[in-house]
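File shown: final-v6.txt (compact mmCIF, C-alpha atoms).
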```txt
# COMPACT_ATOMS: atom_id res chain seq x y z
CA MET A 1 3.24 -17.48 -9.19
CA GLN A 2 4.41 -16.72 -5.67
CA GLY A 3 2.89 -20.00 -4.46
CA LEU A 4 4.75 -21.93 -7.14
CA LEU A 5 8.01 -20.25 -6.18
CA GLU A 6 7.37 -21.04 -2.51
CA LEU A 7 6.75 -24.69 -3.31
CA SER A 8 9.91 -24.87 -5.41
CA GLY A 9 11.98 -23.33 -2.62
CA ALA A 10 13.20 -20.48 -4.82
CA ALA A 11 14.08 -17.00 -3.65
CA TYR A 12 12.11 -14.28 -5.40
CA VAL A 13 11.67 -10.53 -5.29
CA GLY A 14 8.54 -9.07 -3.79
CA SER A 15 5.61 -10.03 -1.62
CA GLY A 16 4.48 -13.54 -0.83
CA VAL A 17 1.20 -15.27 -1.56
CA LEU A 18 -0.91 -13.41 0.99
CA ALA A 19 0.04 -9.83 0.15
CA SER A 20 0.11 -10.53 -3.58
CA SER A 21 -3.43 -11.91 -3.45
CA VAL A 22 -4.76 -9.19 -1.19
CA GLY A 23 -3.15 -6.48 -3.30
CA MET A 24 -5.07 -7.71 -6.35
CA HIS A 25 -8.38 -7.78 -4.46
CA LYS A 26 -9.42 -4.13 -4.14
CA ASP A 27 -12.24 -4.84 -1.68
CA ILE A 28 -10.18 -6.89 0.79
CA ALA A 29 -7.23 -4.50 0.46
CA LYS A 30 -9.46 -1.55 1.37
CA ARG A 31 -10.99 -3.45 4.29
CA LEU A 32 -7.57 -4.29 5.74
CA ALA A 33 -6.32 -0.76 5.16
CA ALA A 34 -9.37 0.66 6.94
CA LEU A 35 -8.90 -1.75 9.86
CA ALA A 36 -5.32 -0.49 10.18
CA GLY A 37 -6.60 3.08 10.42
CA LEU A 38 -5.90 4.26 6.88
CA PRO A 39 -8.53 6.59 5.39
CA VAL A 40 -10.63 4.90 2.67
CA ALA A 41 -13.23 6.67 0.55
CA PRO A 42 -16.81 5.28 0.73
CA TYR A 43 -17.58 2.45 -1.65
CA LEU A 44 -19.99 -0.41 -2.24
CA ALA A 45 -18.96 -3.94 -3.26
CA LEU A 46 -21.41 -5.82 -5.46
CA SER A 47 -21.35 -9.50 -6.47
CA ARG A 48 -22.37 -10.50 -9.97
CA ARG A 49 -24.78 -13.08 -8.57
CA GLY A 50 -26.51 -10.51 -6.36
CA TRP A 51 -26.63 -7.92 -9.14
CA ARG A 52 -28.17 -10.37 -11.59
CA ARG A 53 -30.75 -11.43 -9.02
CA ASP A 54 -31.74 -7.87 -8.09
CA PRO A 55 -30.21 -5.20 -10.33
CA GLU A 56 -32.60 -2.53 -9.10
CA GLY A 57 -31.76 -3.33 -5.48
CA SER A 58 -28.05 -2.97 -6.27
CA ALA A 59 -28.69 0.38 -7.94
CA GLN A 60 -30.79 1.55 -4.99
CA ALA A 61 -28.02 0.58 -2.56
CA ALA A 62 -25.52 2.63 -4.55
CA ARG A 63 -27.84 5.64 -4.66
CA ALA A 64 -28.48 5.38 -0.93
CA GLN A 65 -24.83 5.20 0.09
CA LEU A 66 -23.04 7.32 -2.53
CA THR A 67 -23.42 10.55 -4.44
CA LEU A 68 -22.62 11.26 -8.07
CA PRO A 69 -20.21 10.95 -9.67
CA VAL A 70 -19.16 7.41 -8.84
CA PHE A 71 -16.53 5.11 -10.29
CA VAL A 72 -17.34 1.53 -11.23
CA LYS A 73 -14.41 -0.87 -11.40
CA PRO A 74 -13.78 -4.64 -11.42
CA CYS A 75 -12.40 -5.83 -8.10
CA ASN A 76 -9.42 -7.80 -9.43
CA MET A 77 -8.35 -5.97 -12.58
CA GLY A 78 -5.56 -3.51 -13.25
CA SER A 79 -4.65 -0.82 -15.79
CA SER A 80 -8.11 0.75 -15.42
CA VAL A 81 -9.68 -2.01 -17.54
CA GLY A 82 -13.46 -2.02 -17.16
CA VAL A 83 -13.44 1.23 -15.15
CA HIS A 84 -16.19 3.78 -15.76
CA LYS A 85 -16.95 7.23 -14.40
CA VAL A 86 -20.70 7.41 -13.87
CA LYS A 87 -22.20 10.91 -13.86
CA SER A 88 -25.88 9.96 -13.84
CA TRP A 89 -27.62 7.01 -12.22
CA GLU A 90 -29.05 6.08 -15.63
CA GLU A 91 -25.48 5.18 -16.69
CA LEU A 92 -24.90 2.83 -13.76
CA ASP A 93 -26.42 -0.32 -15.24
CA ALA A 94 -24.34 -0.12 -18.44
CA ALA A 95 -21.18 0.50 -16.39
CA LEU A 96 -21.91 -2.49 -14.15
CA THR A 97 -22.71 -4.69 -17.14
CA ASP A 98 -19.30 -3.97 -18.64
CA ALA A 99 -17.39 -4.22 -15.36
CA PHE A 100 -18.94 -7.60 -14.58
CA LEU A 101 -17.47 -8.94 -17.83
CA TYR A 102 -14.08 -8.81 -16.11
CA ASP A 103 -14.82 -9.99 -12.57
CA THR A 104 -17.50 -11.53 -10.37
CA LYS A 105 -17.18 -8.65 -7.87
CA VAL A 106 -17.35 -4.98 -8.75
CA LEU A 107 -16.76 -1.87 -6.67
CA VAL A 108 -18.85 1.28 -6.91
CA GLU A 109 -16.67 3.97 -5.38
CA GLN A 110 -17.48 7.50 -4.32
CA GLY A 111 -16.11 9.92 -6.88
CA ILE A 112 -13.81 12.54 -5.38
CA ASP A 113 -12.40 15.66 -6.97
CA ALA A 114 -8.92 14.44 -6.26
CA ARG A 115 -5.31 14.46 -7.27
CA GLU A 116 -3.72 11.05 -7.88
CA ILE A 117 -0.64 10.59 -5.70
CA GLU A 118 1.60 7.52 -5.57
CA VAL A 119 4.50 6.48 -3.37
CA ALA A 120 7.14 3.75 -3.78
CA VAL A 121 7.94 1.67 -0.70
CA LEU A 122 11.09 -0.41 -0.24
CA ASP A 123 11.23 -3.08 2.44
CA GLY A 124 13.48 -2.68 5.43
CA ASP A 125 13.41 -2.29 9.19
CA PRO A 126 11.49 -0.05 8.97
CA PRO A 127 10.36 0.13 5.31
CA ALA A 128 11.34 3.29 3.44
CA ALA A 129 8.97 5.45 1.41
CA SER A 130 10.08 7.48 -1.59
CA VAL A 131 9.10 11.02 -2.38
CA ALA A 132 5.61 11.02 -3.87
CA SER A 133 4.76 11.58 -7.51
CA GLU A 134 1.53 12.86 -9.04
CA LEU A 135 -0.27 11.58 -12.12
CA ASN A 136 -2.11 14.14 -14.20
CA ALA A 137 -4.55 12.87 -16.82
CA GLY A 138 -4.53 14.86 -20.05
CA PRO A 139 -7.34 17.39 -20.65
CA GLN A 140 -9.04 14.99 -23.06
CA HIS A 141 -9.37 12.30 -20.36
CA GLU A 142 -11.67 12.52 -17.35
CA PHE A 143 -9.50 10.14 -15.34
CA TYR A 144 -6.35 8.04 -15.70
CA SER A 145 -7.97 5.49 -18.00
CA TYR A 146 -6.49 2.63 -20.03
CA GLU A 147 -6.38 4.91 -23.06
CA ALA A 148 -4.57 7.63 -21.11
CA LYS A 149 -2.04 5.10 -19.78
CA TYR A 150 -1.22 3.10 -22.90
CA ILE A 151 -2.72 4.51 -26.10
CA ASP A 152 -2.65 8.30 -26.06
CA GLN A 153 0.95 9.52 -26.01
CA ASP A 154 -0.27 12.77 -24.47
CA GLY A 155 -2.73 11.04 -22.17
CA ALA A 156 -0.96 11.90 -18.94
CA SER A 157 1.91 13.75 -17.35
CA VAL A 158 3.79 13.18 -14.11
CA ASP A 159 5.09 15.54 -11.47
CA LEU A 160 8.06 14.05 -9.64
CA PRO A 161 8.21 15.02 -6.91
CA ALA A 162 4.53 15.78 -6.47
CA LYS A 163 3.68 19.40 -5.75
CA LEU A 164 2.89 18.86 -2.08
CA ASP A 165 3.85 20.92 0.93
CA ALA A 166 6.18 19.38 3.50
CA THR A 167 3.34 18.31 5.80
CA GLN A 168 1.42 16.62 2.98
CA MET A 169 4.55 14.85 1.73
CA GLU A 170 5.35 13.53 5.19
CA ARG A 171 1.74 12.43 5.68
CA VAL A 172 1.43 10.47 2.45
CA ARG A 173 4.81 8.80 2.88
CA LYS A 174 3.78 7.60 6.34
CA LEU A 175 0.44 6.34 5.01
CA ALA A 176 2.28 4.40 2.29
CA VAL A 177 4.44 2.61 4.85
CA ASP A 178 1.36 1.96 7.01
CA ALA A 179 -0.38 0.35 4.02
CA PHE A 180 2.71 -1.72 3.18
CA LEU A 181 2.80 -3.11 6.72
CA ALA A 182 -0.96 -3.56 7.08
CA LEU A 183 -1.15 -5.72 3.95
CA GLU A 184 1.87 -7.84 4.96
CA CYS A 185 3.95 -6.74 1.97
CA SER A 186 7.63 -7.45 1.50
CA GLY A 187 10.28 -6.39 -0.97
CA LEU A 188 8.58 -3.54 -2.76
CA ALA A 189 5.21 -1.97 -3.50
CA ARG A 190 3.70 1.13 -5.03
CA VAL A 191 0.87 2.63 -2.99
CA ASP A 192 -1.70 4.86 -4.70
CA PHE A 193 -3.72 7.57 -2.97
CA PHE A 194 -6.34 10.18 -3.75
CA LEU A 195 -5.79 13.69 -2.39
CA ASP A 196 -9.12 15.50 -2.03
CA ARG A 197 -8.71 18.93 -3.60
CA LYS A 198 -11.32 20.46 -1.29
CA SER A 199 -10.60 18.92 2.12
CA GLY A 200 -6.91 18.12 1.67
CA ALA A 201 -7.53 14.58 2.96
CA PHE A 202 -5.65 11.58 1.61
CA TYR A 203 -7.52 8.36 0.82
CA PHE A 204 -5.94 4.96 0.23
CA ASN A 205 -6.85 3.78 -3.27
CA GLU A 206 -4.88 0.61 -3.95
CA ILE A 207 -1.52 -1.09 -3.66
CA ASN A 208 0.55 -2.67 -6.42
CA THR A 209 2.78 -5.39 -4.98
CA LEU A 210 4.68 -5.89 -8.24
CA PRO A 211 4.88 -2.46 -9.88
CA GLY A 212 6.27 -1.84 -13.33
CA PHE A 213 10.05 -1.87 -13.52
CA THR A 214 11.01 -0.56 -16.93
CA ALA A 215 13.22 2.48 -17.39
CA ILE A 216 10.08 4.68 -17.61
CA SER A 217 8.12 3.06 -14.76
CA MET A 218 7.33 5.24 -11.79
CA TYR A 219 8.54 2.90 -9.02
CA PRO A 220 12.25 3.06 -9.97
CA LYS A 221 11.89 6.72 -10.91
CA MET A 222 10.51 7.59 -7.47
CA MET A 223 13.24 5.62 -5.74
CA GLU A 224 15.90 7.29 -7.88
CA ALA A 225 14.44 10.70 -7.04
CA SER A 226 14.78 9.67 -3.40
CA GLY A 227 18.48 8.91 -3.74
CA LEU A 228 18.55 5.24 -4.76
CA PRO A 229 19.75 4.72 -8.36
CA TYR A 230 18.29 1.99 -10.56
CA SER A 231 21.24 -0.40 -10.31
CA ALA A 232 21.49 -0.02 -6.54
CA LEU A 233 17.75 -0.59 -6.26
CA ILE A 234 18.01 -3.85 -8.23
CA THR A 235 20.85 -4.99 -5.98
CA ARG A 236 18.91 -4.16 -2.84
CA LEU A 237 15.79 -6.00 -4.04
CA ILE A 238 17.85 -9.12 -4.75
CA GLU A 239 19.41 -8.87 -1.30
CA LEU A 240 15.97 -8.57 0.28
CA ALA A 241 14.77 -11.62 -1.65
CA GLN A 242 17.73 -13.65 -0.42
CA GLU A 243 17.24 -12.44 3.16
CA HIS A 244 13.54 -13.33 3.08
CA HIS A 245 14.28 -16.75 1.59
CA ALA A 246 16.91 -17.49 4.22
CA GLU A 247 14.56 -16.45 6.99
CA ARG A 248 11.80 -18.69 5.66
CA ALA A 249 14.19 -21.58 5.13
CA GLY A 250 15.27 -21.34 8.76
CA LEU A 251 11.77 -22.03 10.10
CA LYS A 252 10.92 -25.46 11.47
CA THR A 253 8.63 -27.47 9.23
CA ASP A 254 8.17 -30.51 11.46
CA TYR A 255 7.55 -31.20 15.12
CA ALA A 256 10.36 -32.59 17.24
CA SER A 257 10.04 -33.21 20.96
```

As structure tokens - that is how I would like this structure written.
Amino acid sequence: MQGLLELSGAAYVGSGVLASSVGMHKDIAKRLAALAGLPVAPYLALSRRGWRRDPEGSAQAARAQLTLPVFVKPCNMGSSVGVHKVKSWEELDAALTDAFLYDTKVLVEQGIDAREIEVAVLDGDPPAASVASELNAGPQHEFYSYEAKYIDQDGASVDLPAKLDATQMERVRKLAVDAFLALECSGLARVDFFLDRKSGAFYFNEINTLPGFTAISMYPKMMEASGLPYSALITRLIELAQEHHAERAGLKTDYAS
């Protein structure tokens, strides 16, 4: 969509082709985040071709690099579709079989006893991070699954702001801006982190370059909790889109001596 808008010369809200593509690709996003110095939990990326050729080798690689539990997830999906929490290695093959229905690359990620923290980022010079919020899956859900998000009305609750001390809040807000810049984002993004309950370490999980924007979505709620009301946020995003479009339009597209 961003490519089509670029070709048509239209101004639009949010990141361009590069960041939008990278944000959807969990493996590449994690690699770029790690290169920029953000903490990333251990994981293994498997291709469907390689897994079909040597499923036992793929399972052995996971066992060698990770410890139970692990999470299996399609590389380019959202809303926790195809995601499985694997508590025994005997469950791995079934989890991979399902995840590979949705993508040709699947991640096997180290499971962490963690809190799920998210931060809204708004473009600027420098970008601004909101106060963080925390997602809490209901007691009947082991993680923030598709069912918890969309089907079970009591599937999750949110703490806004998240119950973090001042040092933790400052740390995760800085990490969110670092991720925004590392992945070449513009306009807006929601950055999701894990907070290890034991070590207190934050780990970059993923970035959403076009987060939900309904009245109940967390991105506008976090920005509002940070002092930017919904209507003012909409206005600012439109202004940013126009500024970005004008900047791009001012670039030379031919060579003149």

Legend entry - Atomic separation - atom CA of A:Glu134 relative to atom CA of A:Lys87, Å: 24.3 Å

Inset, instruction - For A:Ile28, work out the shell of residues within 12 Å, counting all atoms listed in the file and skipping chain neighbours fewer than 3 positions away, then give it as number ranges by chain. - result: A: 18-25, 31-35, 40, 45, 75-76, 105, 107, 182-183, 205-207

Legend entry - Nearest to A:Gln242 by atom-to-atom distance, counting all atoms listed in the file, from A:Gly187, A:Ala94, A:Gly212, A:Pro74: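 Of the candidates, the smallest distance to A:Gln242 is held by A:Gly187.
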
Inset, instruction - Report the distance between atom CA of A:Arg173 and atom CA of A:Met222 in Å, rounded to one decimal place. - result: 11.9 Å

Legend entry - Å distance separating atom CA of A:Arg115 from atom CA of A:Leu160, one decimal place: 13.6 Å

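Distance annotation: of A:Gln65, A:Thr97, A:Thr253, A:Gln2, the residue with the minimal separation from A:Val83 is A:Thr97; atom set is all atoms listed in the file.
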
Inset, instruction - Could you tell me which of A:Ser130, A:Thr67, A:Asn136, A:Thr104 comes closest to A:Glu116 if we count only C-alpha atoms? - result: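 Answer, going by the shortest atom-to-atom distance: A:Asn136.
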
Legend entry - Contacts of A:Ala201 within 12 Å, all atoms listed in the file, excl. fewer than 4 positions in-chain, as a PyMOL selection string: chain A and resi 38-41+112-115+117+167-168+171-172+175+193-197

Generate a file of the selected residues that holds C-alpha atoms, formatted as a PDB file, in the frame of the given file.
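Heads up, here's the output in out_9.pdb:
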```
ATOM      1  CA  LEU A  38      -5.900   4.260   6.880  1.00  0.00           C
ATOM      2  CA  PRO A  39      -8.530   6.590   5.390  1.00  0.00           C
ATOM      3  CA  VAL A  40     -10.630   4.900   2.670  1.00  0.00           C
ATOM      4  CA  ALA A  41     -13.230   6.670   0.550  1.00  0.00           C
ATOM      5  CA  ILE A 112     -13.810  12.540  -5.380  1.00  0.00           C
ATOM      6  CA  ASP A 113     -12.400  15.660  -6.970  1.00  0.00           C
ATOM      7  CA  ALA A 114      -8.920  14.440  -6.260  1.00  0.00           C
ATOM      8  CA  ARG A 115      -5.310  14.460  -7.270  1.00  0.00           C
ATOM      9  CA  ILE A 117      -0.640  10.590  -5.700  1.00  0.00           C
ATOM     10  CA  THR A 167       3.340  18.310   5.800  1.00  0.00           C
ATOM     11  CA  GLN A 168       1.420  16.620   2.980  1.00  0.00           C
ATOM     12  CA  ARG A 171       1.740  12.430   5.680  1.00  0.00           C
ATOM     13  CA  VAL A 172       1.430  10.470   2.450  1.00  0.00           C
ATOM     14  CA  LEU A 175       0.440   6.340   5.010  1.00  0.00           C
ATOM     15  CA  PHE A 193      -3.720   7.570  -2.970  1.00  0.00           C
ATOM     16  CA  PHE A 194      -6.340  10.180  -3.750  1.00  0.00           C
ATOM     17  CA  LEU A 195      -5.790  13.690  -2.390  1.00  0.00           C
ATOM     18  CA  ASP A 196      -9.120  15.500  -2.030  1.00  0.00           C
ATOM     19  CA  ARG A 197      -8.710  18.930  -3.600  1.00  0.00           C
TER      20      ARG A 197
END
```

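For the choices A:Pro161, A:Pro220, A:Gly37, A:Pro55, the atom-to-atom distance to A:Ala179 is smallest for A:Gly37 when using all atoms listed in the file.
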
Legend entry - Pick from A:Val158, A:Met223, A:Leu44, A:Leu5 nearest to A:Ala64, counting only C-alpha atoms: A:Leu44

Six-sided padding of 8 Å per side, axis-aligned box over stretch 172-191 of chain A, centre and edges in Å, one decimal, as lines of an AutoDock Vina configuration file:
```
center_x = 4.6
center_y = 1.3
center_z = 1.0
size_x = 27.4
size_y = 34.3
size_z = 28.1
```

Using only C-alpha atoms, find each residue in stretch 80-130 of chain A having at least one atom no more than 12 Å away from stretch 13-16 of chain A; report its shortest atom-to-atom pair and that distance in Å (one decimal), rows by chain then rising number, as a Markdown table.
```
| residue | atom | partner | partner_atom | distance |
| --- | --- | --- | --- | --- |
| A:Val121 | CA | A:Gly14 | CA | 11.2 |
| A:Leu122 | CA | A:Gly14 | CA | 9.7 |
| A:Asp123 | CA | A:Gly14 | CA | 9.1 |
```

Counting only C-alpha atoms, write as a PDB file with C-alpha atoms, in the frame of the given file all protein and nucleic acid residues lying at most 12 Å from (16.4, -7.1, -4.2) in the file's frame.
```pdb
ATOM      1  CA  ALA A  11      14.080 -17.000  -3.650  1.00  0.00           C
ATOM      2  CA  TYR A  12      12.110 -14.280  -5.400  1.00  0.00           C
ATOM      3  CA  VAL A  13      11.670 -10.530  -5.290  1.00  0.00           C
ATOM      4  CA  GLY A  14       8.540  -9.070  -3.790  1.00  0.00           C
ATOM      5  CA  SER A  15       5.610 -10.030  -1.620  1.00  0.00           C
ATOM      6  CA  LEU A 122      11.090  -0.410  -0.240  1.00  0.00           C
ATOM      7  CA  ASP A 123      11.230  -3.080   2.440  1.00  0.00           C
ATOM      8  CA  GLY A 124      13.480  -2.680   5.430  1.00  0.00           C
ATOM      9  CA  SER A 186       7.630  -7.450   1.500  1.00  0.00           C
ATOM     10  CA  GLY A 187      10.280  -6.390  -0.970  1.00  0.00           C
ATOM     11  CA  LEU A 188       8.580  -3.540  -2.760  1.00  0.00           C
ATOM     12  CA  TYR A 230      18.290   1.990 -10.560  1.00  0.00           C
ATOM     13  CA  SER A 231      21.240  -0.400 -10.310  1.00  0.00           C
ATOM     14  CA  ALA A 232      21.490  -0.020  -6.540  1.00  0.00           C
ATOM     15  CA  LEU A 233      17.750  -0.590  -6.260  1.00  0.00           C
ATOM     16  CA  ILE A 234      18.010  -3.850  -8.230  1.00  0.00           C
ATOM     17  CA  THR A 235      20.850  -4.990  -5.980  1.00  0.00           C
ATOM     18  CA  ARG A 236      18.910  -4.160  -2.840  1.00  0.00           C
ATOM     19  CA  LEU A 237      15.790  -6.000  -4.040  1.00  0.00           C
ATOM     20  CA  ILE A 238      17.850  -9.120  -4.750  1.00  0.00           C
ATOM     21  CA  GLU A 239      19.410  -8.870  -1.300  1.00  0.00           C
ATOM     22  CA  LEU A 240      15.970  -8.570   0.280  1.00  0.00           C
ATOM     23  CA  ALA A 241      14.770 -11.620  -1.650  1.00  0.00           C
ATOM     24  CA  GLN A 242      17.730 -13.650  -0.420  1.00  0.00           C
ATOM     25  CA  GLU A 243      17.240 -12.440   3.160  1.00  0.00           C
ATOM     26  CA  HIS A 244      13.540 -13.330   3.080  1.00  0.00           C
ATOM     27  CA  HIS A 245      14.280 -16.750   1.590  1.00  0.00           C
TER      28      HIS A 245
END
```

Inset, instruction - Give me the residues within 12 Å of A:Glu56 as a count of residues only, counting only C-alpha atoms and dropping any in the same chain fewer than 6 places off. - result: 8

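For the choices A:Pro42, A:Glu109, A:Tyr255, A:Ala61, the atom-to-atom distance to A:Lys73 is smallest for A:Glu109 when using all atoms listed in the file.
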
Kindly output stretch 159-175 of chain A as a PDB file, in the coordinates of the input, after building N, CA, C and O atoms.
```pdb
ATOM      1  N   ASP A 159       4.269  14.625 -12.254  1.00  0.00           N
ATOM      2  CA  ASP A 159       5.090  15.540 -11.470  1.00  0.00           C
ATOM      3  C   ASP A 159       5.878  14.717 -10.466  1.00  0.00           C
ATOM      4  O   ASP A 159       5.296  14.032  -9.622  1.00  0.00           O
ATOM      5  N   LEU A 160       7.192  14.771 -10.569  1.00  0.00           N
ATOM      6  CA  LEU A 160       8.060  14.050  -9.640  1.00  0.00           C
ATOM      7  C   LEU A 160       9.187  14.984  -9.196  1.00  0.00           C
ATOM      8  O   LEU A 160      10.030  15.358 -10.016  1.00  0.00           O
ATOM      9  N   PRO A 161       9.171  15.390  -7.939  1.00  0.00           N
ATOM     10  CA  PRO A 161       8.210  15.020  -6.910  1.00  0.00           C
ATOM     11  C   PRO A 161       6.868  15.715  -7.084  1.00  0.00           C
ATOM     12  O   PRO A 161       6.761  16.712  -7.804  1.00  0.00           O
ATOM     13  N   ALA A 162       5.845  15.161  -6.438  1.00  0.00           N
ATOM     14  CA  ALA A 162       4.530  15.780  -6.470  1.00  0.00           C
ATOM     15  C   ALA A 162       4.586  17.158  -5.824  1.00  0.00           C
ATOM     16  O   ALA A 162       5.398  17.404  -4.927  1.00  0.00           O
ATOM     17  N   LYS A 163       3.710  18.041  -6.284  1.00  0.00           N
ATOM     18  CA  LYS A 163       3.680  19.400  -5.750  1.00  0.00           C
ATOM     19  C   LYS A 163       2.857  19.413  -4.463  1.00  0.00           C
ATOM     20  O   LYS A 163       1.699  19.819  -4.423  1.00  0.00           O
ATOM     21  N   LEU A 164       3.492  18.924  -3.407  1.00  0.00           N
ATOM     22  CA  LEU A 164       2.890  18.860  -2.080  1.00  0.00           C
ATOM     23  C   LEU A 164       3.710  19.703  -1.125  1.00  0.00           C
ATOM     24  O   LEU A 164       4.931  19.844  -1.306  1.00  0.00           O
ATOM     25  N   ASP A 165       3.061  20.248  -0.091  1.00  0.00           N
ATOM     26  CA  ASP A 165       3.850  20.920   0.930  1.00  0.00           C
ATOM     27  C   ASP A 165       4.503  19.886   1.828  1.00  0.00           C
ATOM     28  O   ASP A 165       4.216  18.688   1.731  1.00  0.00           O
ATOM     29  N   ALA A 166       5.385  20.315   2.698  1.00  0.00           N
ATOM     30  CA  ALA A 166       6.180  19.380   3.500  1.00  0.00           C
ATOM     31  C   ALA A 166       5.289  18.505   4.386  1.00  0.00           C
ATOM     32  O   ALA A 166       5.556  17.308   4.549  1.00  0.00           O
ATOM     33  N   THR A 167       4.231  19.073   4.939  1.00  0.00           N
ATOM     34  CA  THR A 167       3.340  18.310   5.800  1.00  0.00           C
ATOM     35  C   THR A 167       2.606  17.236   5.008  1.00  0.00           C
ATOM     36  O   THR A 167       2.480  16.087   5.456  1.00  0.00           O
ATOM     37  N   GLN A 168       2.122  17.583   3.823  1.00  0.00           N
ATOM     38  CA  GLN A 168       1.420  16.620   2.980  1.00  0.00           C
ATOM     39  C   GLN A 168       2.362  15.505   2.537  1.00  0.00           C
ATOM     40  O   GLN A 168       1.981  14.324   2.541  1.00  0.00           O
ATOM     41  N   MET A 169       3.594  15.865   2.171  1.00  0.00           N
ATOM     42  CA  MET A 169       4.550  14.850   1.730  1.00  0.00           C
ATOM     43  C   MET A 169       4.859  13.874   2.855  1.00  0.00           C
ATOM     44  O   MET A 169       4.884  12.649   2.654  1.00  0.00           O
ATOM     45  N   GLU A 170       5.079  14.395   4.049  1.00  0.00           N
ATOM     46  CA  GLU A 170       5.350  13.530   5.190  1.00  0.00           C
ATOM     47  C   GLU A 170       4.161  12.629   5.488  1.00  0.00           C
ATOM     48  O   GLU A 170       4.320  11.441   5.783  1.00  0.00           O
ATOM     49  N   ARG A 171       2.954  13.185   5.394  1.00  0.00           N
ATOM     50  CA  ARG A 171       1.740  12.430   5.680  1.00  0.00           C
ATOM     51  C   ARG A 171       1.561  11.269   4.709  1.00  0.00           C
ATOM     52  O   ARG A 171       1.311  10.122   5.122  1.00  0.00           O
ATOM     53  N   VAL A 172       1.701  11.520   3.417  1.00  0.00           N
ATOM     54  CA  VAL A 172       1.430  10.470   2.450  1.00  0.00           C
ATOM     55  C   VAL A 172       2.519   9.401   2.467  1.00  0.00           C
ATOM     56  O   VAL A 172       2.243   8.211   2.247  1.00  0.00           O
ATOM     57  N   ARG A 173       3.739   9.786   2.763  1.00  0.00           N
ATOM     58  CA  ARG A 173       4.810   8.800   2.880  1.00  0.00           C
ATOM     59  C   ARG A 173       4.567   7.865   4.074  1.00  0.00           C
ATOM     60  O   ARG A 173       4.766   6.653   3.983  1.00  0.00           O
ATOM     61  N   LYS A 174       4.097   8.429   5.181  1.00  0.00           N
ATOM     62  CA  LYS A 174       3.780   7.600   6.340  1.00  0.00           C
ATOM     63  C   LYS A 174       2.606   6.666   6.033  1.00  0.00           C
ATOM     64  O   LYS A 174       2.627   5.484   6.405  1.00  0.00           O
ATOM     65  N   LEU A 175       1.591   7.177   5.365  1.00  0.00           N
ATOM     66  CA  LEU A 175       0.440   6.340   5.010  1.00  0.00           C
ATOM     67  C   LEU A 175       0.866   5.192   4.093  1.00  0.00           C
ATOM     68  O   LEU A 175       0.347   4.078   4.204  1.00  0.00           O
TER      69      LEU A 175
END
```
